[in-house]
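Structure file model-v1.cif with mmCIF, C-alpha atoms:
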data_coords
loop_
_atom_site.label_atom_id
_atom_site.label_comp_id
_atom_site.auth_asym_id
_atom_site.auth_seq_id
_atom_site.Cartn_x
_atom_site.Cartn_y
_atom_site.Cartn_z
CA MET P 471 -75.63 61.74 -1.33
CA LYS P 472 -73.30 64.70 -1.73
CA GLN P 473 -74.64 68.12 -0.84
CA ILE P 474 -73.24 71.60 -1.42
CA ALA P 475 -74.93 74.55 0.27
CA LEU P 476 -76.13 77.15 -2.23
CA ASP P 477 -74.00 79.89 -0.61
CA THR P 478 -70.92 77.68 -0.87
CA TRP P 479 -71.73 76.88 -4.50
CA LEU P 480 -72.14 80.57 -5.38
CA ASN P 481 -69.13 81.77 -3.37
CA ASP P 482 -66.66 78.93 -3.94
CA GLY P 483 -68.15 76.90 -6.79
CA ALA P 484 -65.10 77.39 -8.99
CA ASN P 485 -62.97 75.69 -6.33
CA THR P 486 -64.98 72.46 -6.39
CA ALA P 487 -64.98 69.72 -9.02
CA LEU P 488 -67.84 70.07 -11.49
CA PRO P 489 -70.29 67.19 -10.91
CA GLN P 490 -71.60 65.36 -13.95
CA LEU P 491 -75.03 65.11 -12.32
CA LEU P 492 -76.35 68.13 -10.44
CA CYS P 493 -79.75 68.31 -8.70
CA VAL P 494 -81.49 71.53 -7.65
CA PHE P 495 -84.70 70.90 -5.70
CA THR P 496 -86.28 74.17 -4.56
CA ASP P 497 -89.51 76.16 -4.72
CA GLU P 498 -87.56 79.43 -4.86
CA PRO P 499 -87.12 80.48 -8.53
CA LEU P 500 -84.13 82.69 -7.74
CA PHE P 501 -82.21 79.84 -6.13
CA ALA P 502 -82.96 77.50 -9.04
CA THR P 503 -81.79 80.12 -11.54
CA GLN P 504 -78.60 80.99 -9.66
CA ALA P 505 -77.51 77.38 -9.17
CA ALA P 506 -78.28 76.35 -12.76
CA ASP P 507 -76.71 79.43 -14.36
CA LEU P 508 -73.43 78.90 -12.52
CA TYR P 509 -73.40 75.22 -13.50
CA ARG P 510 -73.84 76.06 -17.18
CA GLN P 511 -71.20 78.79 -17.01
CA ARG P 512 -68.66 76.46 -15.45
CA LEU P 513 -69.38 73.70 -17.96
CA LYS P 514 -69.00 76.20 -20.81
CA LYS P 515 -65.50 77.06 -19.59
CA GLN P 516 -64.65 73.37 -19.45
CA THR P 517 -65.98 72.24 -22.85
CA ASP P 518 -68.24 73.16 -25.75
CA TYR P 519 -71.59 71.52 -25.23
CA GLN P 520 -74.99 71.21 -26.83
CA ARG P 521 -77.83 72.03 -24.44
CA GLN P 522 -80.88 69.77 -24.55
CA ILE P 523 -83.89 71.06 -22.57
CA VAL P 524 -86.29 68.29 -21.56
CA GLU P 525 -89.50 68.68 -19.56
CA VAL P 526 -91.05 65.84 -17.61
CA ASP P 527 -94.68 66.32 -18.58
CA ARG P 528 -97.35 64.41 -20.49
CA GLN P 529 -95.22 64.46 -23.62
CA PHE P 530 -92.10 63.11 -21.88
CA ASP P 531 -90.59 60.20 -23.82
CA PRO P 532 -88.32 58.03 -21.61
CA GLN P 533 -86.55 56.40 -24.56
CA GLU P 534 -85.90 59.69 -26.29
CA PHE P 535 -84.55 61.07 -23.00
CA LEU P 536 -82.17 58.13 -22.53
CA SER P 537 -80.98 58.36 -26.13
CA LEU P 538 -79.49 61.77 -25.33
CA PHE P 539 -76.93 60.04 -23.10
CA ALA P 540 -76.00 57.44 -25.71
CA GLU P 541 -75.52 59.66 -28.76
CA ALA P 542 -72.55 61.84 -29.62
CA SER P 543 -73.36 65.55 -29.55
CA LEU P 544 -73.77 67.07 -33.02
CA PHE P 545 -72.31 70.48 -32.19
CA GLY P 546 -70.04 69.96 -29.20
CA ASP P 547 -67.99 67.45 -27.29
CA VAL P 548 -70.84 66.63 -24.92
CA SER P 549 -74.50 67.36 -24.31
CA LEU P 550 -75.96 69.00 -21.25
CA VAL P 551 -79.39 67.54 -20.61
CA ASP P 552 -81.27 70.31 -18.81
CA LEU P 553 -84.16 68.43 -17.17
CA ARG P 554 -87.18 70.34 -15.85
CA ILE P 555 -89.57 68.48 -13.53
CA ASN P 556 -92.72 70.45 -12.72
CA GLN P 557 -94.13 68.21 -9.98
CA PRO P 558 -92.30 66.18 -7.32
CA LYS P 559 -94.09 62.99 -8.39
CA LEU P 560 -92.83 60.79 -11.20
CA GLY P 561 -94.63 58.18 -13.25
CA LYS P 562 -93.14 54.69 -13.33
CA GLU P 563 -91.51 55.00 -16.76
CA ALA P 564 -90.09 58.46 -16.05
CA ALA P 565 -88.69 57.29 -12.70
CA GLU P 566 -87.00 54.30 -14.33
CA ALA P 567 -85.50 56.49 -17.07
CA LEU P 568 -84.08 58.99 -14.56
CA ALA P 569 -82.67 56.17 -12.44
CA LYS P 570 -80.99 54.58 -15.45
CA ALA P 571 -79.44 57.89 -16.55
CA ALA P 572 -78.07 58.43 -13.04
CA GLN P 573 -76.60 54.92 -13.03
CA TRP P 574 -74.93 55.44 -16.41
CA ILE P 575 -73.33 58.66 -15.21
CA ALA P 576 -72.11 57.10 -11.95
CA ALA P 577 -70.66 54.10 -13.80
CA GLY P 578 -68.87 56.29 -16.36
CA ASP P 579 -70.94 54.84 -19.21
CA THR P 580 -71.70 58.29 -20.66
CA GLY P 581 -69.78 61.51 -21.01
CA HIS P 582 -72.87 63.69 -21.07
CA TYR P 583 -74.05 65.91 -18.19
CA LEU P 584 -77.40 66.06 -16.42
CA LEU P 585 -78.82 69.11 -14.65
CA VAL P 586 -82.09 68.46 -12.80
CA ASN P 587 -84.42 71.25 -11.66
CA ALA P 588 -87.49 70.27 -9.63
CA PRO P 589 -89.67 71.54 -6.76
CA LYS P 590 -88.56 70.97 -3.19
CA LEU P 591 -88.91 67.33 -2.13
CA ASN P 592 -90.19 66.05 1.18
CA LYS P 593 -88.62 63.04 2.90
CA THR P 594 -90.99 60.57 1.25
CA GLN P 595 -90.36 62.00 -2.22
CA GLU P 596 -86.59 61.89 -1.68
CA LYS P 597 -86.87 58.12 -1.20
CA SER P 598 -89.21 57.56 -4.14
CA ALA P 599 -88.24 55.83 -7.39
CA GLY P 600 -86.18 58.04 -9.66
CA PHE P 601 -85.44 60.79 -7.17
CA ALA P 602 -83.67 58.42 -4.79
CA GLU P 603 -81.27 57.34 -7.53
CA LEU P 604 -80.60 60.92 -8.62
CA LEU P 605 -79.73 61.93 -5.08
CA ALA P 606 -77.62 58.81 -4.48
CA LYS P 607 -75.57 59.18 -7.65
CA GLY P 608 -75.42 62.95 -8.04
CA THR P 609 -74.68 66.16 -6.17
CA GLU P 610 -77.47 68.26 -4.68
CA ILE P 611 -77.36 72.02 -4.21
CA ALA P 612 -78.97 72.48 -0.79
CA CYS P 613 -81.25 75.52 -1.01
CA ARG P 614 -82.20 76.38 2.56
CA PRO P 615 -85.20 78.71 2.99
CA VAL P 616 -84.61 82.33 3.96
CA GLY P 617 -86.89 83.57 6.73
CA ALA P 618 -87.67 87.06 7.99
CA ASP P 619 -84.92 86.87 10.62
CA THR P 620 -82.23 85.77 8.18
CA LEU P 621 -83.23 87.86 5.14
CA PRO P 622 -81.11 90.93 6.05
CA GLY P 623 -78.04 88.68 6.38
CA TRP P 624 -78.86 87.02 3.05
CA ILE P 625 -79.06 90.46 1.40
CA ALA P 626 -75.69 91.44 2.88
CA GLN P 627 -74.03 88.27 1.55
CA ALA P 628 -75.63 88.61 -1.90
CA ALA P 629 -74.44 92.22 -2.12
CA LYS P 630 -70.93 91.25 -1.02
CA ARG P 631 -70.68 88.74 -3.89
CA LYS P 632 -71.34 91.66 -6.26
CA GLY P 633 -68.77 93.94 -4.62
CA VAL P 634 -71.38 96.07 -2.80
CA GLN P 635 -71.19 96.75 0.93
CA LEU P 636 -74.47 97.48 2.72
CA SER P 637 -74.94 98.42 6.36
CA ARG P 638 -77.13 96.40 8.68
CA GLU P 639 -79.69 99.24 8.64
CA THR P 640 -79.79 99.23 4.82
CA CYS P 641 -80.20 95.45 4.66
CA SER P 642 -83.05 95.53 7.18
CA TRP P 643 -84.78 98.33 5.28
CA LEU P 644 -84.49 96.49 1.98
CA ALA P 645 -85.78 93.26 3.58
CA GLU P 646 -88.85 95.09 4.87
CA LYS P 647 -89.41 96.94 1.59
CA THR P 648 -89.33 93.81 -0.53
CA GLU P 649 -91.54 91.87 1.93
CA GLY P 650 -89.47 88.72 1.60
CA ASN P 651 -89.39 88.63 -2.20
CA LEU P 652 -85.87 87.37 -2.84
CA LEU P 653 -85.96 88.04 -6.55
CA VAL P 654 -86.70 91.75 -6.19
CA ALA P 655 -84.03 92.07 -3.49
CA HIS P 656 -81.60 90.32 -5.83
CA GLN P 657 -82.51 92.63 -8.71
CA THR P 658 -81.92 95.66 -6.51
CA ILE P 659 -78.46 94.38 -5.68
CA GLU P 660 -77.75 93.68 -9.35
CA LYS P 661 -78.70 97.25 -10.26
CA LEU P 662 -76.67 98.68 -7.38
CA ALA P 663 -73.63 96.73 -8.54
CA LEU P 664 -73.91 98.24 -12.01
CA GLU P 665 -73.85 101.78 -10.61
CA HIS P 666 -71.73 101.41 -7.47
CA GLN P 667 -68.93 99.36 -5.98
CA GLY P 668 -67.91 99.35 -2.36
CA ALA P 669 -70.01 100.97 0.36
CA VAL P 670 -73.48 102.21 -0.62
CA ASP P 671 -75.50 104.24 1.90
CA ILE P 672 -79.17 103.78 2.64
CA GLU P 673 -80.22 107.01 0.89
CA GLN P 674 -78.80 105.75 -2.41
CA VAL P 675 -80.68 102.48 -2.10
CA GLN P 676 -83.93 104.21 -1.14
CA GLY P 677 -83.65 106.61 -4.07
CA MET P 678 -83.08 103.81 -6.53
CA VAL P 679 -86.04 101.80 -5.24
CA ALA P 680 -88.33 104.84 -5.37
CA ASN P 681 -87.40 105.52 -8.99
CA SER P 682 -87.61 101.91 -10.17
CA ALA P 683 -90.69 101.15 -12.26
CA ARG P 684 -89.90 97.43 -12.02
CA PHE P 685 -91.15 97.39 -8.46
CA ASN P 686 -94.69 97.94 -9.75
CA VAL P 687 -94.99 94.23 -10.45
CA PHE P 688 -94.68 93.54 -6.75
CA ASP P 689 -97.69 95.72 -6.02
CA LEU P 690 -99.63 93.00 -7.85
CA GLY P 691 -99.34 90.57 -4.93
CA GLY P 692 -101.60 92.50 -2.58
CA SER P 693 -104.33 92.81 -5.20
CA LEU P 694 -104.13 89.08 -5.95
CA LEU P 695 -104.51 88.03 -2.33
CA ALA P 696 -107.18 90.67 -1.64
CA GLY P 697 -109.23 89.45 -4.62
CA ASP P 698 -109.38 92.89 -6.26
CA ALA P 699 -110.28 91.72 -9.78
CA LYS P 700 -110.69 95.20 -11.32
CA ARG P 701 -107.31 96.37 -10.10
CA ILE P 702 -105.65 93.14 -11.28
CA THR P 703 -106.97 93.75 -14.80
CA ARG P 704 -105.79 97.38 -14.77
CA MET P 705 -102.35 96.41 -13.47
CA MET P 706 -101.90 93.69 -16.09
CA GLU P 707 -102.73 96.16 -18.83
CA GLY P 708 -100.33 98.71 -17.34
CA LEU P 709 -97.47 96.25 -16.90
CA GLU P 710 -97.83 95.05 -20.47
CA ALA P 711 -97.90 98.63 -21.77
CA GLU P 712 -94.77 99.51 -19.77
CA GLY P 713 -92.90 96.55 -21.26
CA GLU P 714 -92.52 94.61 -18.02
CA ALA P 715 -90.69 91.30 -18.42
CA PRO P 716 -93.23 88.44 -18.74
CA THR P 717 -90.98 86.13 -16.71
CA LEU P 718 -91.13 88.53 -13.77
CA VAL P 719 -94.93 88.80 -13.92
CA LEU P 720 -95.26 85.01 -14.05
CA TRP P 721 -92.92 84.73 -11.07
CA ALA P 722 -95.08 87.19 -9.08
CA LEU P 723 -98.21 85.15 -9.86
CA GLN P 724 -96.50 81.89 -8.88
CA GLU P 725 -95.28 83.44 -5.61
CA GLU P 726 -98.82 84.24 -4.47
CA ILE P 727 -100.18 80.84 -5.51
CA ARG P 728 -97.31 79.19 -3.62
CA ALA P 729 -97.95 81.41 -0.58
CA ILE P 730 -101.61 80.37 -0.42
CA ARG P 731 -100.75 76.68 -0.94
CA ASP P 732 -97.94 76.54 1.62
CA THR P 733 -99.93 78.46 4.26
CA GLN P 734 -102.93 76.20 3.66
CA GLN P 735 -100.79 73.08 4.09
CA ALA P 736 -99.16 74.41 7.26
CA MET P 737 -102.55 75.16 8.83
CA ARG P 738 -103.80 71.67 7.93
CA ARG P 739 -100.90 70.34 10.00
CA GLY P 740 -102.26 72.26 12.99
CA MET P 741 -100.25 75.48 12.72
CA SER P 742 -101.89 78.82 13.50
CA LEU P 743 -102.31 81.42 10.75
CA SER P 744 -99.68 83.73 12.26
CA ASP P 745 -97.14 80.91 12.62
CA ALA P 746 -97.87 79.66 9.10
CA CYS P 747 -97.31 83.18 7.73
CA ARG P 748 -94.06 83.51 9.62
CA GLN P 749 -92.83 80.16 8.32
CA ASN P 750 -93.63 81.09 4.72
CA ARG P 751 -92.16 84.61 4.80
CA ILE P 752 -95.54 86.33 4.63
CA TRP P 753 -95.57 89.59 6.49
CA GLY P 754 -96.59 93.21 6.13
CA GLN P 755 -99.67 93.89 4.01
CA ARG P 756 -99.73 90.34 2.63
CA GLN P 757 -100.68 89.02 6.08
CA ASN P 758 -103.80 91.19 6.00
CA HIS P 759 -105.06 89.49 2.85
CA ILE P 760 -103.90 85.88 3.12
CA ALA P 761 -106.82 84.81 5.35
CA ALA P 762 -109.35 85.88 2.71
CA ALA P 763 -107.36 84.15 -0.02
CA LEU P 764 -107.32 80.92 1.96
CA LYS P 765 -111.14 80.90 2.05
CA ARG P 766 -111.33 81.20 -1.73
CA HIS P 767 -109.10 78.27 -2.58
CA THR P 768 -108.87 74.50 -2.23
CA PRO P 769 -105.88 72.30 -3.17
CA GLY P 770 -107.73 71.53 -6.40
CA SER P 771 -108.18 75.18 -7.40
CA LEU P 772 -104.52 75.91 -6.67
CA GLN P 773 -103.42 72.91 -8.72
CA LYS P 774 -105.51 74.21 -11.62
CA LEU P 775 -103.87 77.64 -11.39
CA THR P 776 -100.45 76.00 -11.27
CA ALA P 777 -101.26 74.18 -14.52
CA TRP P 778 -102.13 77.53 -16.10
CA CYS P 779 -98.76 78.88 -14.92
CA TYR P 780 -96.96 75.99 -16.63
CA SER P 781 -98.88 76.80 -19.81
CA ALA P 782 -97.88 80.47 -19.55
CA GLU P 783 -94.24 79.48 -19.06
CA LYS P 784 -94.32 77.38 -22.24
CA THR P 785 -95.90 80.31 -24.10
CA ILE P 786 -93.13 82.66 -22.95
CA LYS P 787 -90.52 80.15 -24.12
CA GLY P 788 -92.18 79.80 -27.52
CA MET P 789 -93.12 76.17 -26.86
CA ARG P 790 -96.82 76.98 -27.09
CA GLN P 791 -98.72 79.48 -29.22
CA GLY P 792 -100.56 82.36 -27.62
CA ASN P 793 -100.16 85.65 -25.78
CA PRO P 794 -98.75 85.18 -22.26
CA TRP P 795 -100.46 88.36 -21.06
CA THR P 796 -103.86 86.84 -21.79
CA LEU P 797 -102.87 83.86 -19.64
CA PHE P 798 -101.54 86.16 -16.89
CA GLU P 799 -104.94 87.83 -16.63
CA ILE P 800 -106.71 84.47 -16.44
CA ILE P 801 -104.32 83.34 -13.69
CA GLY P 802 -104.55 86.63 -11.78
CA LEU P 803 -108.34 86.63 -11.83
CA GLY P 804 -108.23 82.97 -10.82
CA VAL P 805 -106.21 83.86 -7.72
CA ALA P 806 -108.77 86.59 -7.02
CA GLY P 807 -111.52 83.98 -7.05
CA ILE P 808 -112.80 83.97 -10.64
CA GLU P 809 -112.50 80.33 -11.70
CA PRO P 810 -110.45 79.89 -14.91
CA PRO P 811 -111.74 77.75 -17.79
CA GLU P 812 -110.53 74.21 -18.34
CA LEU P 813 -107.04 74.07 -19.79
CA TRP P 814 -106.41 71.92 -22.83
CA ASN P 815 -103.22 70.92 -24.67
CA THR P 816 -100.85 71.96 -21.90
#
Transcribe the structure of this file into structure tokens.
Amino acid sequence: MKQIALDTWLNDGANTALPQLLCVFTDEPLFATQAADLYRQRLKKQTDYQRQIVEVDRQFDPQEFLSLFAEASLFGDVSLVDLRINQPKLGKEAAEALAKAAQWIAAGDTGHYLLVNAPKLNKTQEKSAGFAELLAKGTEIACRPVGADTLPGWIAQAAKRKGVQLSRETCSWLAEKTEGNLLVAHQTIEKLALEHQGAVDIEQVQGMVANSARFNVFDLGGSLLAGDAKRITRMMEGLEAEGEAPTLVLWALQEEIRAIRDTQQAMRRGMSLSDACRQNRIWGQRQNHIAAALKRHTPGSLQKLTAWCYSAEKTIKGMRQGNPWTLFEIIGLGVAGIEPPELWNT
């Protein structure tokens, strides 16, 4: 198995050979997006390609998936098969299809490329059918978690890649302000880079954050964990009226569901609440509400909410009919403790 650290990939990716099979296994949406975007950009510079997005879900067809590696691309020299796996557990037929595709690529039997995005795998899942072959034959972008102690350093490095220099004080302030939300920290850096290059002082960063309406979406997290159903409904209506990006709202919902799930799992392994919060980057006001959220949810209720999130994602992408904002309210109220209806035709 070949691994490339995410920082190395983002900083020096252009200096490494482009792998034909790239795996990104992470629960952090920002990391998945960064790694995949750079891969597609580099492949675009190398050759024209036709992108084929495939999801491993109930409608996944193993034979149709494998045919993408056997056929010539209609519009480019090669195809990029962009594979999305929603759960780190594969059925037998899906596992066999993924293993066969990995073997074809390793043997040089296909000129097409495979990009795999999936949740973080544990040691058992890494050795399971399908995933084991992908890891053995391909290259993995290692996405190491960013904790409270390392977040200021992560912010400094991310800013440096964009040509922005931030002091240690500024990085620490931004880490505390964003409460561990990497995506909002990343967006702040992106906006800073558009307006400034070189050294940026803390007053400039604070002013930009104070004037940014986009940070309203991150106020949603506290209401979700606290179970404040009325405020959740008002905030959803306000965010929709302000034109907030649906992908960002969905990300915020998924973050809180993931926080409850990961904290719950850590405590089942014998960890204290405070240690579980520290491990999962939950601090500030979110710590005050997570205990109540844990009492409202079981693994089954969280799995149900996750299924609703997948449905909302398909709606945003136009793969399913409906209004994503209606689904967001159902999910948000579900996190608050109001059980969502059964989901059909996901």
request  = Quick one: pull the distance between atom CA of Val654 of chain P and atom CA of Asn793 of chain P, Å, one decimal.
outcome  = 24.5 Å
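Considering only C-alpha atoms, the residue among P:Ala571, P:Ala565, P:Leu488, P:Ala576 positioned nearest to Ala599 of chain P is P:Ala565.
By chain and then residue number, the residues within 8 Å of Ala628 of chain P are Trp624, Ile625, Arg631, Lys632, His656 and Ile659 of chain P, counting only C-alpha atoms and disregarding those fewer than 3 positions away in sequence.
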request  = In Å, rounded to a single decimal, give me how far atom CA of Glu610 of chain P is from atom CA of Ile474 of chain P.
outcome  =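 Computing the Euclidean distance for atom CA of Ile474 of chain P and atom CA of Glu610 of chain P yields 6.3 Å.
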request  = Evaluate the PyMOL selection byres ((chain P and resi 491-508) around 10) on the structure here and hand back the selected residues as a PyMOL selection string.
outcome  = chain P and resi 472-473+476-477+479-480+483-484+488-490+509-514+550-553+555+558+571-572+575-576+582-591+601+604-605+607-616+651-654+656+721+724-725+728
Translate the PyMOL selection byres ((chain P and resi 756) around 10) into a concrete residue list for this structure, as an mmCIF file with C-alpha atoms, keeping the file's coordinate frame.
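The resulting result_27.cif:
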data_model
loop_
_atom_site.group_PDB
_atom_site.id
_atom_site.type_symbol
_atom_site.label_atom_id
_atom_site.label_comp_id
_atom_site.auth_asym_id
_atom_site.auth_seq_id
_atom_site.Cartn_x
_atom_site.Cartn_y
_atom_site.Cartn_z
ATOM 1 C CA GLU P 649 -91.540 91.870 1.930
ATOM 2 C CA GLY P 691 -99.340 90.570 -4.930
ATOM 3 C CA GLY P 692 -101.600 92.500 -2.580
ATOM 4 C CA SER P 693 -104.330 92.810 -5.200
ATOM 5 C CA LEU P 694 -104.130 89.080 -5.950
ATOM 6 C CA LEU P 695 -104.510 88.030 -2.330
ATOM 7 C CA ALA P 696 -107.180 90.670 -1.640
ATOM 8 C CA GLU P 726 -98.820 84.240 -4.470
ATOM 9 C CA ALA P 729 -97.950 81.410 -0.580
ATOM 10 C CA CYS P 747 -97.310 83.180 7.730
ATOM 11 C CA ARG P 751 -92.160 84.610 4.800
ATOM 12 C CA ILE P 752 -95.540 86.330 4.630
ATOM 13 C CA TRP P 753 -95.570 89.590 6.490
ATOM 14 C CA GLY P 754 -96.590 93.210 6.130
ATOM 15 C CA GLN P 755 -99.670 93.890 4.010
ATOM 16 C CA GLN P 757 -100.680 89.020 6.080
ATOM 17 C CA ASN P 758 -103.800 91.190 6.000
ATOM 18 C CA HIS P 759 -105.060 89.490 2.850
ATOM 19 C CA ILE P 760 -103.900 85.880 3.120
ATOM 20 C CA ALA P 761 -106.820 84.810 5.350
#
How big is the axis-aligned box around all listed atoms of segment 708-720 of chain P once 8 Å goes on each side, and where's its centre, in Å to one decimal, as AutoDock Vina command-line options?
--center_x -95.5 --center_y 92.3 --center_z -17.8 --size_x 25.6 --size_y 30.5 --size_z 24.0
task = Just the residues within 10 Å of segment 526-532 of chain P, please, counting only C-alpha atoms, with nothing from its chain fewer than 4 positions along; format it as a ChimeraX atom specification.
result = /P:536-537,553-557,560-561,563-568,588,815-816
Those selected residues, please, written with C-alpha atoms and delivered as an mmCIF file, keeping the file's coordinate frame.
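Below you can see out33.cif, which holds the result:
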data_model
loop_
_atom_site.group_PDB
_atom_site.id
_atom_site.type_symbol
_atom_site.label_atom_id
_atom_site.label_comp_id
_atom_site.auth_asym_id
_atom_site.auth_seq_id
_atom_site.Cartn_x
_atom_site.Cartn_y
_atom_site.Cartn_z
ATOM 1 C CA LEU P 536 -82.170 58.130 -22.530
ATOM 2 C CA SER P 537 -80.980 58.360 -26.130
ATOM 3 C CA LEU P 553 -84.160 68.430 -17.170
ATOM 4 C CA ARG P 554 -87.180 70.340 -15.850
ATOM 5 C CA ILE P 555 -89.570 68.480 -13.530
ATOM 6 C CA ASN P 556 -92.720 70.450 -12.720
ATOM 7 C CA GLN P 557 -94.130 68.210 -9.980
ATOM 8 C CA LEU P 560 -92.830 60.790 -11.200
ATOM 9 C CA GLY P 561 -94.630 58.180 -13.250
ATOM 10 C CA GLU P 563 -91.510 55.000 -16.760
ATOM 11 C CA ALA P 564 -90.090 58.460 -16.050
ATOM 12 C CA ALA P 565 -88.690 57.290 -12.700
ATOM 13 C CA GLU P 566 -87.000 54.300 -14.330
ATOM 14 C CA ALA P 567 -85.500 56.490 -17.070
ATOM 15 C CA LEU P 568 -84.080 58.990 -14.560
ATOM 16 C CA ALA P 588 -87.490 70.270 -9.630
ATOM 17 C CA ASN P 815 -103.220 70.920 -24.670
ATOM 18 C CA THR P 816 -100.850 71.960 -21.900
#
query = Counting all atoms listed in the file, which of P:Ala763, P:Ile702, P:Val670, P:Leu621 gets nearest to Thr640 of chain P?
reply =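 Ranking P:Ala763, P:Ile702, P:Val670, P:Leu621 by distance to Thr640 of chain P, first place goes to P:Val670.
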Residue nearest Gln627 of chain P among P:Ile672, P:Phe798, P:Thr478, P:Gln533 (counting only C-alpha atoms) =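 Looking at the shortest contact to Gln627 of chain P, the residue is P:Thr478.
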query = What's the 12 Å shell around Arg704 of chain P, counting all atoms listed in the file, without same-chain residues fewer than 6 positions away, as a list in words?
reply = Leu690, Ser693, Asp698, Glu710, Ala711, Glu799, Gly802 and Leu803 of chain P
How would the residues just picked look written out with C-alpha atoms as a compact mmCIF listing (two decimals), keeping the file's coordinate frame?
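Once written, part-v9.txt looks like this:
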# COMPACT_ATOMS: atom_id res chain seq x y z
CA LEU P 690 -99.63 93.00 -7.85
CA SER P 693 -104.33 92.81 -5.20
CA ASP P 698 -109.38 92.89 -6.26
CA GLU P 710 -97.83 95.05 -20.47
CA ALA P 711 -97.90 98.63 -21.77
CA GLU P 799 -104.94 87.83 -16.63
CA GLY P 802 -104.55 86.63 -11.78
CA LEU P 803 -108.34 86.63 -11.83
key: atom CA of Gly623 of chain P to atom CA of Ile730 of chain P, straight-line distance in Å   =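 Taking atom CA of Ile730 of chain P as the start and atom CA of Gly623 of chain P as the end point, the length is 25.9 Å.
Residue nearest Ala606 of chain P, chosen from P:Ser637, P:Ala569, P:Thr580, P:Leu720 and counting all atoms listed in the file: P:Ala569.
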